[in-house]
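Asker: Hey, dropping final-v1.cif in here, mmCIF, C-alpha atoms:
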data_data
loop_
_atom_site.label_atom_id
_atom_site.label_comp_id
_atom_site.auth_asym_id
_atom_site.auth_seq_id
_atom_site.Cartn_x
_atom_site.Cartn_y
_atom_site.Cartn_z
CA MET C 1 -0.35 -46.22 -163.57
CA HIS C 2 0.86 -46.26 -167.15
CA PRO C 3 4.23 -47.52 -168.44
CA THR C 4 6.78 -44.83 -169.16
CA HIS C 5 7.40 -43.78 -172.74
CA SER C 6 10.75 -44.24 -174.41
CA ALA C 7 11.96 -44.77 -177.94
CA GLY C 8 13.17 -48.26 -178.72
CA ASP C 9 13.29 -51.04 -181.22
CA GLY C 10 10.88 -53.27 -179.31
CA ALA C 11 13.23 -56.25 -179.21
CA HIS C 12 11.42 -59.58 -179.14
CA ARG C 13 11.49 -61.95 -176.21
CA PRO C 14 11.06 -65.70 -176.63
CA SER C 15 7.57 -67.04 -176.06
CA ALA C 16 5.42 -70.03 -176.75
CA SER C 17 3.40 -69.96 -179.93
CA GLY C 18 -0.25 -70.92 -180.19
CA PRO C 19 -3.70 -69.34 -179.89
CA CYS C 20 -3.76 -66.10 -177.93
CA HIS C 21 -6.02 -64.97 -175.14
CA CYS C 22 -6.72 -61.68 -176.93
CA ALA C 23 -8.81 -59.17 -175.00
CA VAL C 24 -10.12 -55.81 -176.18
CA LEU C 25 -9.66 -54.11 -172.80
CA PRO C 26 -6.02 -53.65 -171.73
CA PRO C 27 -5.01 -54.92 -168.28
CA TYR C 28 -3.56 -51.56 -167.22
CA ILE C 29 -7.05 -50.03 -167.27
CA LEU C 30 -8.36 -52.86 -165.11
CA LYS C 31 -5.44 -52.50 -162.68
CA ASN C 32 -6.23 -48.82 -162.26
CA LEU C 33 -9.90 -49.59 -161.69
CA ALA C 34 -8.88 -52.15 -159.05
CA GLU C 35 -7.60 -49.18 -157.01
CA ALA C 36 -10.82 -47.14 -157.31
CA ASP C 37 -12.54 -45.73 -154.24
CA ASP C 38 -15.86 -47.30 -155.20
CA PRO C 39 -15.85 -50.91 -153.92
CA ARG C 40 -18.21 -51.98 -156.73
CA ILE C 41 -15.71 -50.82 -159.37
CA ARG C 42 -12.81 -52.41 -157.47
CA GLU C 43 -14.59 -55.74 -157.14
CA ALA C 44 -15.54 -55.94 -160.83
CA ALA C 45 -12.01 -55.02 -161.94
CA GLU C 46 -10.32 -57.45 -159.54
CA LYS C 47 -12.63 -60.26 -160.61
CA THR C 48 -12.02 -59.53 -164.30
CA LEU C 49 -8.25 -59.58 -163.79
CA GLU C 50 -8.55 -62.88 -161.95
CA VAL C 51 -10.77 -64.41 -164.65
CA ASP C 52 -8.50 -63.14 -167.44
CA ALA C 53 -5.52 -64.79 -165.74
CA ARG C 54 -7.37 -68.10 -165.54
CA LEU C 55 -8.42 -67.88 -169.17
CA ARG C 56 -4.81 -67.23 -170.20
CA GLU C 57 -3.72 -70.32 -168.30
CA ALA C 58 -6.42 -72.34 -170.07
CA ARG C 59 -5.52 -71.09 -173.54
CA ALA C 60 -3.61 -74.27 -174.33
CA ALA C 61 -6.92 -75.66 -175.55
CA ALA C 62 -6.31 -76.01 -179.26
CA PRO C 63 -8.50 -74.35 -181.87
CA ARG C 64 -10.73 -76.55 -183.96
CA GLU C 65 -8.72 -78.62 -186.40
CA VAL C 66 -9.14 -77.50 -189.99
CA THR C 67 -9.62 -80.69 -191.97
CA ARG C 68 -12.14 -79.45 -194.53
CA ALA C 69 -11.11 -78.80 -198.11
CA PRO C 70 -10.88 -75.20 -199.36
CA VAL C 71 -14.29 -73.73 -200.15
CA THR C 72 -15.52 -71.37 -202.85
CA ALA C 73 -18.74 -70.19 -201.22
CA GLY C 74 -19.46 -68.83 -197.77
CA VAL C 75 -21.65 -70.75 -195.34
CA LEU C 76 -22.46 -68.78 -192.21
CA GLU C 77 -23.08 -70.84 -189.08
CA ARG C 78 -23.47 -68.90 -185.83
CA THR C 79 -24.20 -70.21 -182.35
CA VAL C 80 -24.63 -67.90 -179.37
CA PHE C 81 -24.30 -69.39 -175.89
CA ASP C 82 -25.21 -67.99 -172.46
CA THR C 83 -23.29 -68.91 -169.29
CA HIS C 84 -25.84 -67.06 -167.11
CA GLU C 85 -23.04 -65.23 -165.26
CA THR C 86 -21.12 -68.44 -164.56
CA ARG C 87 -17.70 -69.59 -165.81
CA GLU C 88 -18.95 -72.74 -167.55
CA LEU C 89 -17.96 -72.30 -171.18
CA PRO C 90 -19.47 -72.33 -173.70
CA GLY C 91 -22.82 -72.26 -171.85
CA ASP C 92 -26.38 -72.98 -172.97
CA VAL C 93 -27.34 -72.52 -176.62
CA VAL C 94 -29.65 -69.50 -176.87
CA ARG C 95 -29.64 -68.67 -180.59
CA THR C 96 -28.55 -70.63 -183.65
CA GLU C 97 -28.11 -69.77 -187.31
CA GLY C 98 -31.35 -68.61 -188.92
CA ALA C 99 -33.31 -68.50 -185.66
CA ASP C 100 -35.50 -65.50 -184.90
CA PRO C 101 -34.22 -62.74 -182.60
CA VAL C 102 -34.71 -63.38 -178.90
CA VAL C 103 -35.77 -61.05 -176.10
CA ASP C 104 -32.17 -60.69 -174.86
CA GLY C 105 -30.56 -57.77 -176.71
CA THR C 106 -27.04 -58.91 -175.84
CA VAL C 107 -27.62 -62.24 -177.57
CA ASN C 108 -28.95 -60.48 -180.67
CA ARG C 109 -26.08 -57.98 -180.79
CA ALA C 110 -23.49 -60.76 -180.58
CA TYR C 111 -25.31 -62.73 -183.30
CA ASP C 112 -25.58 -59.70 -185.57
CA GLY C 113 -21.98 -58.61 -184.96
CA LEU C 114 -20.63 -62.01 -186.01
CA GLY C 115 -22.86 -62.03 -189.08
CA LEU C 116 -21.82 -58.55 -190.11
CA THR C 117 -18.12 -59.40 -189.77
CA PHE C 118 -18.56 -62.64 -191.71
CA ALA C 119 -20.39 -60.76 -194.50
CA PHE C 120 -17.75 -58.04 -194.59
CA PHE C 121 -14.86 -60.45 -195.14
CA GLU C 122 -16.79 -62.51 -197.68
CA GLU C 123 -18.15 -59.59 -199.70
CA VAL C 124 -15.03 -57.40 -199.60
CA TYR C 125 -12.15 -59.89 -199.64
CA GLY C 126 -13.76 -63.19 -200.62
CA ARG C 127 -12.82 -64.78 -197.28
CA HIS C 128 -15.09 -67.50 -195.95
CA SER C 129 -15.18 -67.10 -192.15
CA ILE C 130 -12.24 -66.98 -189.75
CA ASP C 131 -10.27 -69.83 -191.31
CA ASP C 132 -11.41 -69.25 -194.93
CA ARG C 133 -13.08 -72.67 -194.74
CA ASN C 134 -16.40 -71.69 -193.19
CA LEU C 135 -15.39 -72.24 -189.58
CA PRO C 136 -18.58 -72.06 -187.47
CA LEU C 137 -18.71 -68.93 -185.31
CA ASP C 138 -19.31 -69.45 -181.59
CA ALA C 139 -19.89 -66.66 -179.09
CA THR C 140 -20.66 -66.74 -175.39
CA VAL C 141 -22.50 -63.88 -173.67
CA HIS C 142 -23.22 -63.03 -170.03
CA TYR C 143 -19.90 -64.56 -169.05
CA ARG C 144 -19.37 -64.29 -165.29
CA ARG C 145 -20.93 -61.48 -163.28
CA LYS C 146 -19.94 -57.92 -164.19
CA TYR C 147 -17.11 -59.19 -166.37
CA ASN C 148 -15.32 -56.22 -167.96
CA ASN C 149 -13.92 -57.60 -171.20
CA ALA C 150 -14.42 -59.25 -174.56
CA ILE C 151 -11.95 -61.88 -175.74
CA TRP C 152 -11.00 -64.38 -178.40
CA ASN C 153 -9.65 -67.46 -176.61
CA GLY C 154 -8.37 -69.33 -179.64
CA ARG C 155 -11.64 -71.00 -180.52
CA GLN C 156 -14.54 -68.66 -179.70
CA MET C 157 -15.58 -65.13 -178.73
CA ILE C 158 -16.56 -64.34 -175.11
CA PHE C 159 -18.41 -61.18 -174.03
CA GLY C 160 -18.91 -59.73 -170.57
CA ASP C 161 -21.80 -57.56 -169.45
CA GLY C 162 -19.60 -54.82 -167.99
CA ASP C 163 -19.97 -53.51 -164.47
CA GLY C 164 -22.68 -50.96 -165.39
CA ILE C 165 -20.70 -48.19 -163.68
CA VAL C 166 -17.63 -47.72 -165.88
CA PHE C 167 -18.48 -50.09 -168.74
CA ASN C 168 -21.60 -50.94 -170.67
CA ASP C 169 -22.23 -54.34 -172.24
CA PHE C 170 -19.26 -55.40 -174.39
CA THR C 171 -21.49 -56.16 -177.37
CA ILE C 172 -22.73 -52.58 -177.48
CA ALA C 173 -20.17 -51.39 -180.06
CA VAL C 174 -20.20 -53.40 -183.30
CA ASP C 175 -16.45 -53.04 -183.74
CA ILE C 176 -15.80 -55.04 -180.54
CA PRO C 177 -17.26 -58.36 -181.80
CA ALA C 178 -15.49 -57.65 -185.10
CA HIS C 179 -12.22 -56.92 -183.28
CA GLU C 180 -12.35 -60.26 -181.45
CA MET C 181 -13.31 -62.23 -184.55
CA VAL C 182 -10.36 -60.72 -186.44
CA HIS C 183 -7.99 -62.07 -183.79
CA GLY C 184 -9.14 -65.43 -185.10
CA VAL C 185 -8.41 -64.39 -188.69
CA THR C 186 -4.91 -63.37 -187.63
CA GLN C 187 -4.47 -66.71 -185.87
CA TYR C 188 -5.25 -68.57 -189.10
CA THR C 189 -3.07 -66.32 -191.29
CA ALA C 190 0.01 -64.52 -189.96
CA ASP C 191 -0.36 -65.99 -186.43
CA LEU C 192 1.39 -62.99 -184.90
CA LEU C 193 2.66 -63.76 -181.40
CA TYR C 194 0.78 -61.82 -178.76
CA GLU C 195 3.70 -59.91 -177.29
CA TYR C 196 5.74 -56.77 -177.91
CA GLN C 197 5.67 -55.50 -181.51
CA SER C 198 4.18 -58.64 -183.06
CA GLY C 199 1.46 -58.51 -180.39
CA ALA C 200 0.87 -54.80 -181.02
CA LEU C 201 0.44 -55.65 -184.71
CA ASN C 202 -2.00 -58.40 -183.72
CA GLU C 203 -4.04 -55.85 -181.77
CA SER C 204 -3.73 -53.26 -184.51
CA VAL C 205 -5.00 -55.63 -187.22
CA SER C 206 -8.08 -56.26 -185.07
CA ASP C 207 -8.60 -52.53 -184.58
CA VAL C 208 -8.12 -51.84 -188.30
CA PHE C 209 -10.65 -54.38 -189.50
CA GLY C 210 -12.96 -53.77 -186.54
CA SER C 211 -13.14 -50.14 -187.60
CA LEU C 212 -13.60 -51.14 -191.26
CA VAL C 213 -16.51 -53.43 -190.37
CA LYS C 214 -18.20 -50.49 -188.63
CA GLN C 215 -17.50 -48.18 -191.57
CA TYR C 216 -18.79 -50.82 -194.01
CA ALA C 217 -22.03 -51.19 -192.05
CA ARG C 218 -22.52 -47.40 -192.04
CA ARG C 219 -21.29 -46.90 -195.62
CA GLN C 220 -18.89 -44.24 -194.38
CA THR C 221 -15.88 -42.92 -196.25
CA ALA C 222 -12.51 -42.60 -194.54
CA GLU C 223 -13.21 -38.91 -194.05
CA GLU C 224 -16.65 -39.53 -192.50
CA ALA C 225 -15.57 -42.29 -190.11
CA ASP C 226 -14.85 -41.59 -186.42
CA TRP C 227 -11.87 -44.02 -186.28
CA LEU C 228 -12.74 -44.84 -182.67
CA ILE C 229 -12.54 -48.32 -181.18
CA GLY C 230 -15.27 -49.14 -178.67
CA ALA C 231 -17.25 -45.90 -178.87
CA GLY C 232 -20.21 -46.21 -176.49
CA LEU C 233 -18.50 -48.75 -174.25
CA PHE C 234 -17.89 -46.24 -171.47
CA THR C 235 -20.84 -45.10 -169.38
CA PRO C 236 -21.49 -41.33 -169.06
CA THR C 237 -19.55 -41.31 -165.78
CA VAL C 238 -16.27 -41.70 -167.68
CA ARG C 239 -14.46 -38.85 -169.35
CA GLY C 240 -13.70 -40.56 -172.61
CA GLN C 241 -15.13 -41.26 -176.03
CA ALA C 242 -13.73 -44.76 -176.67
CA LEU C 243 -10.98 -47.25 -175.79
CA ARG C 244 -8.70 -46.09 -178.61
CA SER C 245 -8.51 -43.54 -181.40
CA MET C 246 -6.81 -44.46 -184.67
CA LYS C 247 -7.04 -40.88 -185.89
CA ALA C 248 -5.38 -39.43 -182.81
CA PRO C 249 -3.82 -42.12 -180.56
CA GLY C 250 -3.50 -40.88 -177.00
CA THR C 251 -6.75 -38.89 -177.01
CA ALA C 252 -9.45 -41.53 -176.55
CA TYR C 253 -9.94 -40.84 -172.84
CA ASP C 254 -8.60 -38.83 -169.94
CA ASP C 255 -10.08 -39.98 -166.65
CA ARG C 256 -8.55 -40.50 -163.23
CA LEU C 257 -10.41 -43.79 -162.77
CA LEU C 258 -8.72 -45.22 -165.85
CA GLY C 259 -5.27 -44.05 -164.77
CA GLY C 260 -5.38 -40.65 -166.46
CA LYS C 261 -4.71 -40.00 -170.12
CA ASP C 262 -4.83 -42.62 -172.86
CA PRO C 263 -1.18 -43.81 -173.12
CA GLN C 264 -1.13 -44.78 -176.81
CA PRO C 265 1.69 -43.24 -178.89
CA ASP C 266 1.26 -42.23 -182.52
CA ASN C 267 4.96 -42.32 -183.41
CA MET C 268 8.07 -44.40 -182.68
CA ASP C 269 9.55 -41.39 -180.86
CA ARG C 270 7.02 -42.17 -178.11
CA TYR C 271 7.21 -45.95 -178.28
CA VAL C 272 6.56 -47.44 -174.83
CA GLU C 273 9.11 -49.91 -173.49
CA THR C 274 7.32 -52.07 -170.94
CA ASP C 275 6.87 -55.66 -169.83
CA LEU C 276 3.27 -54.92 -168.80
CA ASP C 277 0.37 -55.75 -171.12
CA ASN C 278 2.42 -58.45 -172.91
CA GLY C 279 4.98 -55.81 -173.79
CA GLY C 280 2.50 -53.03 -174.49
CA VAL C 281 0.35 -54.72 -177.13
CA HIS C 282 -2.64 -52.42 -176.51
CA ILE C 283 -0.40 -49.36 -176.13
CA ASN C 284 2.04 -49.47 -179.05
CA SER C 285 -0.67 -50.65 -181.42
CA GLY C 286 -1.42 -46.93 -181.71
CA ILE C 287 1.56 -46.60 -184.07
CA PRO C 288 0.44 -49.04 -186.81
CA ASN C 289 -3.17 -47.95 -186.18
CA HIS C 290 -2.26 -44.39 -187.02
CA ALA C 291 -0.30 -45.51 -190.08
CA PHE C 292 -3.41 -47.22 -191.44
CA TYR C 293 -5.55 -44.17 -190.71
CA LEU C 294 -3.09 -42.00 -192.65
CA VAL C 295 -3.06 -44.40 -195.62
CA ALA C 296 -6.85 -44.59 -195.72
CA ASN C 297 -7.31 -40.83 -195.58
CA GLN C 298 -4.59 -40.14 -198.13
CA ILE C 299 -6.17 -42.58 -200.59
CA GLY C 300 -9.70 -41.44 -199.74
CA GLY C 301 -13.05 -43.04 -200.48
CA PHE C 302 -14.14 -46.19 -198.67
CA ALA C 303 -11.22 -47.34 -196.54
CA TRP C 304 -12.05 -51.03 -196.86
CA GLU C 305 -11.44 -50.92 -200.59
CA ARG C 306 -7.81 -50.02 -201.33
CA ALA C 307 -6.30 -49.36 -197.89
CA GLY C 308 -8.06 -52.36 -196.35
CA GLN C 309 -7.15 -54.52 -199.34
CA ILE C 310 -3.47 -53.69 -198.83
CA TRP C 311 -3.64 -54.68 -195.15
CA TYR C 312 -5.57 -57.86 -195.96
CA ASP C 313 -3.08 -58.77 -198.70
CA THR C 314 -0.28 -58.24 -196.20
CA LEU C 315 -1.92 -60.39 -193.53
CA THR C 316 -2.51 -63.26 -195.94
CA SER C 317 0.71 -62.93 -197.97
CA GLY C 318 2.68 -65.56 -196.06
CA GLU C 319 5.51 -63.03 -195.74
CA LEU C 320 4.97 -62.28 -192.05
CA GLY C 321 6.58 -64.52 -189.46
CA PRO C 322 5.06 -64.89 -185.97
CA HIS C 323 7.72 -62.49 -184.61
CA ALA C 324 7.13 -59.78 -187.27
CA ASP C 325 7.88 -56.28 -185.99
CA PHE C 326 6.67 -52.89 -187.23
CA LYS C 327 9.41 -52.65 -189.87
CA ASP C 328 8.59 -56.13 -191.17
CA PHE C 329 4.92 -55.27 -191.41
CA ALA C 330 5.55 -51.88 -193.01
CA ARG C 331 7.79 -53.40 -195.68
CA ALA C 332 5.23 -56.13 -196.32
CA THR C 333 2.51 -53.50 -196.85
CA VAL C 334 4.75 -51.66 -199.31
CA ALA C 335 5.37 -54.89 -201.23
CA ALA C 336 1.66 -55.75 -201.18
CA THR C 337 0.78 -52.30 -202.49
CA GLU C 338 3.24 -52.54 -205.35
CA ARG C 339 1.98 -56.00 -206.34
CA ARG C 340 -1.63 -54.89 -206.52
CA TYR C 341 -1.46 -51.20 -207.49
CA GLY C 342 2.04 -50.59 -208.81
CA ARG C 343 4.01 -47.51 -207.74
CA GLY C 344 1.21 -45.02 -208.01
CA MET C 345 -0.72 -42.94 -205.50
CA GLU C 346 -1.44 -45.89 -203.19
CA TYR C 347 2.26 -46.78 -203.02
CA GLU C 348 3.21 -43.21 -202.11
CA ALA C 349 0.47 -43.09 -199.46
CA VAL C 350 1.81 -46.21 -197.75
CA ILE C 351 5.43 -45.05 -197.84
CA LYS C 352 4.52 -41.62 -196.44
CA ALA C 353 2.26 -42.98 -193.70
CA TRP C 354 4.91 -45.29 -192.26
CA ALA C 355 7.51 -42.54 -192.47
CA HIS C 356 5.13 -40.20 -190.61
CA VAL C 357 4.90 -42.63 -187.67
CA GLY C 358 8.67 -43.20 -187.67
CA VAL C 359 8.82 -46.64 -189.28
CA ASN C 360 10.97 -47.32 -192.34
CA GLY C 361 8.93 -49.20 -194.91
CA ASN C 362 11.65 -49.17 -197.58
CA GLY C 363 14.24 -51.88 -198.23
#
Here is the file; what I need is its structure written in the form of structure tokens.
Answerer:
Amino acid sequence: MHPTHSAGDGAHRPSASGPCHCAVLPPYILKNLAEADDPRIREAAEKTLEVDARLREARAAAPREVTRAPVTAGVLERTVFDTHETRELPGDVVRTEGADPVVDGTVNRAYDGLGLTFAFFEEVYGRHSIDDRNLPLDATVHYRRKYNNAIWNGRQMIFGDGDGIVFNDFTIAVDIPAHEMVHGVTQYTADLLYEYQSGALNESVSDVFGSLVKQYARRQTAEEADWLIGAGLFTPTVRGQALRSMKAPGTAYDDRLLGGKDPQPDNMDRYVETDLDNGGVHINSGIPNHAFYLVANQIGGFAWERAGQIWYDTLTSGELGPHADFKDFARATVAATERRYGRGMEYEAVIKAWAHVGVNGNG
């Protein structure tokens, strides 16, 4: 049950602005699982869809107000909470900044994932936490029972345990906590609306930097990296290697339970026109994802250095409006590249990558 593919310009629809309920797992996968033969899979998927809907309705809760002055040094402050499979957010405090690891591996993975992402942004781009003002990082684990998702709700990260049949624990892949934390970074910078092309860019930015955090931790070059999002999240019963592939969108999985083949396009010729999934935010994100992969591999070396710097400069440039589409973003990356690197090899790599995926980054 995937949306049909068709070329289009992804026209924007009006929507309310504000913090997004940004989830790593697309709703179309959950809707397919809700039709599974196995009642355990159906129940977990139905419950996750129901909980996600409630969380979206509650997203009006504003993020923490930023009243602190700009900072010049990073101060990491993490708190991990446990709801003990209930819905009472944020839950009980189970690990705070500087505390020793606990017996619960999920708690430790969430804590470490937030710390790694914080360190990545500080060490690579000089950014101090989500808001660049040392915003404390809060994460809740063991949310609900068999909850199949990880989300940023506008003020904190929330991680489910998975159903144990299709999905493992949602802290198991380090790029998932990073992905969710980057939704917060986007909220405090470009604030891309979570719908249609701006929403696909929002998802793509989280995939890009989620992948870069993983590569940074492993000290992998662009050529060595797997460019997979959520590798290890599926259990061995699923025919799939990850949720998404930036290297080859549309190839991450192919399993009847999930609705068949991964629907992500890698080019505007296969852009998906749909009102599902907030206008295809997890689907069409494959196009800008692939553009970044092409830039990183054309430039070579560590992708977080020049390619990642271009994307970070674009995100923080102030040139992107909340309704930015793929062309807006492509042109902003071209401008950011020229400002930092001139019209050399990096500039040509960016121009060629966007052209390859069918987006005009010139003029």
Asker: For Trp354 of chain C, which of C:Pro288, C:Gly184, C:Gly74, C:Gly279 is the closest residue, counting only C-alpha atoms?
Answerer: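 Under the stated criterion, the closest residue is C:Pro288.
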Asker: Of the candidates C:Val334, C:Val107, C:Cys20, C:Leu135, which one gets nearest to Pro322 of chain C if we count all atoms listed in the file?
Answerer: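 Using all atoms listed in the file, Pro322 of chain C sits closest to C:Cys20.
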Asker: Could you tell me which of C:Ala44, C:Val238, C:Ile130, C:Val103 comes closest to Lys146 of chain C if we count all atoms listed in the file?
Answerer: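 Closest candidate: C:Ala44.
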Asker: Atom CA of Ala150 of chain C and atom CA of Glu77 of chain C are how many Å apart?
Answerer: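 Rounded to one decimal, the two atoms are 20.5 Å apart.
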Asker: Written as a list in words, which residues does the PyMOL selection byres ((chain C and resi 21) around 7) give for the file shown?
Answerer: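 Residues picked by the PyMOL selection byres ((chain C and resi 21) around 7): Pro19, Cys20, Cys22, Ala23, Arg56, Arg59, Ile151, Trp152, Asn153 and Gly154 of chain C.
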Asker: Mind writing the picked residues with C-alpha atoms as a short mmCIF file (atom, residue, chain, number, x, y, z; two decimals), in the frame of the given file?
Answerer:
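That gives us part_32.cif:
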data_model
loop_
_atom_site.label_atom_id
_atom_site.label_comp_id
_atom_site.auth_asym_id
_atom_site.auth_seq_id
_atom_site.Cartn_x
_atom_site.Cartn_y
_atom_site.Cartn_z
CA PRO C 19 -3.70 -69.34 -179.89
CA CYS C 20 -3.76 -66.10 -177.93
CA CYS C 22 -6.72 -61.68 -176.93
CA ALA C 23 -8.81 -59.17 -175.00
CA ARG C 56 -4.81 -67.23 -170.20
CA ARG C 59 -5.52 -71.09 -173.54
CA ILE C 151 -11.95 -61.88 -175.74
CA TRP C 152 -11.00 -64.38 -178.40
CA ASN C 153 -9.65 -67.46 -176.61
CA GLY C 154 -8.37 -69.33 -179.64
#
Asker: Quick check on the file I pasted: which residues fall under the PyMOL selection byres ((chain C and resi 266) around 7)? Write them as a PyMOL selection string.
Answerer: chain C and resi 249+264-265+267+286-287+290+357
Asker: If you count only C-alpha atoms, which residues fall within 8 Å of segment 165-181 of chain C, apart from same-chain ones fewer than 2 positions away, as a short mmCIF file (atom, residue, chain, number, x, y, z; two decimals) with C-alpha atoms, in the coordinates of the input?
Answerer:
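This is the output file out_21.cif:
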data_model
loop_
_atom_site.label_atom_id
_atom_site.label_comp_id
_atom_site.auth_asym_id
_atom_site.auth_seq_id
_atom_site.Cartn_x
_atom_site.Cartn_y
_atom_site.Cartn_z
CA CYS C 22 -6.72 -61.68 -176.93
CA ALA C 23 -8.81 -59.17 -175.00
CA VAL C 24 -10.12 -55.81 -176.18
CA ILE C 41 -15.71 -50.82 -159.37
CA THR C 106 -27.04 -58.91 -175.84
CA ARG C 109 -26.08 -57.98 -180.79
CA ALA C 110 -23.49 -60.76 -180.58
CA GLY C 113 -21.98 -58.61 -184.96
CA LEU C 114 -20.63 -62.01 -186.01
CA THR C 117 -18.12 -59.40 -189.77
CA ILE C 130 -12.24 -66.98 -189.75
CA ASN C 148 -15.32 -56.22 -167.96
CA ASN C 149 -13.92 -57.60 -171.20
CA ALA C 150 -14.42 -59.25 -174.56
CA ILE C 151 -11.95 -61.88 -175.74
CA TRP C 152 -11.00 -64.38 -178.40
CA MET C 157 -15.58 -65.13 -178.73
CA PHE C 159 -18.41 -61.18 -174.03
CA GLY C 160 -18.91 -59.73 -170.57
CA ASP C 161 -21.80 -57.56 -169.45
CA GLY C 162 -19.60 -54.82 -167.99
CA ASP C 163 -19.97 -53.51 -164.47
CA HIS C 183 -7.99 -62.07 -183.79
CA GLY C 184 -9.14 -65.43 -185.10
CA VAL C 185 -8.41 -64.39 -188.69
CA SER C 206 -8.08 -56.26 -185.07
CA ASP C 207 -8.60 -52.53 -184.58
CA PHE C 209 -10.65 -54.38 -189.50
CA GLY C 210 -12.96 -53.77 -186.54
CA SER C 211 -13.14 -50.14 -187.60
CA VAL C 213 -16.51 -53.43 -190.37
CA LYS C 214 -18.20 -50.49 -188.63
CA ILE C 229 -12.54 -48.32 -181.18
CA GLY C 230 -15.27 -49.14 -178.67
CA ALA C 231 -17.25 -45.90 -178.87
CA GLY C 232 -20.21 -46.21 -176.49
CA LEU C 233 -18.50 -48.75 -174.25
CA PHE C 234 -17.89 -46.24 -171.47
CA THR C 235 -20.84 -45.10 -169.38
CA THR C 237 -19.55 -41.31 -165.78
CA VAL C 238 -16.27 -41.70 -167.68
#
Asker: Compare C:Tyr125, C:Phe329, C:Phe302, C:Tyr28 by their minimum atom-to-atom distance to Glu224 of chain C, counting only C-alpha atoms, and give me the closest one.
Answerer: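 Of C:Tyr125, C:Phe329, C:Phe302, C:Tyr28, the one nearest Glu224 of chain C, counting only C-alpha atoms, is C:Phe302.
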Asker: In Å to one decimal, how far is atom CA of Gly240 of chain C from atom CA of Ile29 of chain C?
Answerer: 12.7 Å
Asker: At what distance in Å, to one decimal, does atom CA of Thr140 of chain C lie from atom CA of Ile158 of chain C?
Answerer: 4.8 Å
Asker: Nearest to Glu88 of chain C: which of C:Tyr347, C:Tyr111, C:Tyr143, C:Phe121 is it, counting only C-alpha atoms?
Answerer: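 Nearest candidate to Glu88 of chain C out of C:Tyr347, C:Tyr111, C:Tyr143, C:Phe121: C:Tyr143.
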Asker: Using only C-alpha atoms, which residues sit within 9 Å of Thr314 of chain C once same-chain residues fewer than 2 positions away are excluded, as a ChimeraX atom specification?
Answerer: /C:190,309-312,316-320,329,332-337
Asker: C:Thr274, C:Thr72, C:Asn362, C:Asn32: which is nearest Asn134 of chain C, counting only C-alpha atoms?
Answerer: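 Checking each of C:Thr274, C:Thr72, C:Asn362, C:Asn32 against Asn134 of chain C, counting only C-alpha atoms, the winner is C:Thr72.
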Asker: How would you write, as an mmCIF file with C-alpha atoms, in the coordinates of the input, the residues chosen by the PyMOL selection byres ((chain C and resi 252) around 7) on this structure?
Answerer:
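So result-v9.cif came out as:
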data_model
loop_
_atom_site.group_PDB
_atom_site.id
_atom_site.type_symbol
_atom_site.label_atom_id
_atom_site.label_comp_id
_atom_site.auth_asym_id
_atom_site.auth_seq_id
_atom_site.Cartn_x
_atom_site.Cartn_y
_atom_site.Cartn_z
ATOM 1 C CA GLY C 240 -13.700 -40.560 -172.610
ATOM 2 C CA GLN C 241 -15.130 -41.260 -176.030
ATOM 3 C CA ALA C 242 -13.730 -44.760 -176.670
ATOM 4 C CA LEU C 243 -10.980 -47.250 -175.790
ATOM 5 C CA ARG C 244 -8.700 -46.090 -178.610
ATOM 6 C CA SER C 245 -8.510 -43.540 -181.400
ATOM 7 C CA PRO C 249 -3.820 -42.120 -180.560
ATOM 8 C CA GLY C 250 -3.500 -40.880 -177.000
ATOM 9 C CA THR C 251 -6.750 -38.890 -177.010
ATOM 10 C CA TYR C 253 -9.940 -40.840 -172.840
ATOM 11 C CA ASP C 262 -4.830 -42.620 -172.860
#
Asker: Segment 330-345 of chain C, all listed atoms, 6 Å padding on each side: what axis-aligned box centre and edge lengths in Å to one decimal come out, as JSON?
Answerer:
{"center_x": 3.1, "center_y": -49.5, "center_z": -200.9, "size_x": 21.4, "size_y": 25.2, "size_z": 27.8}
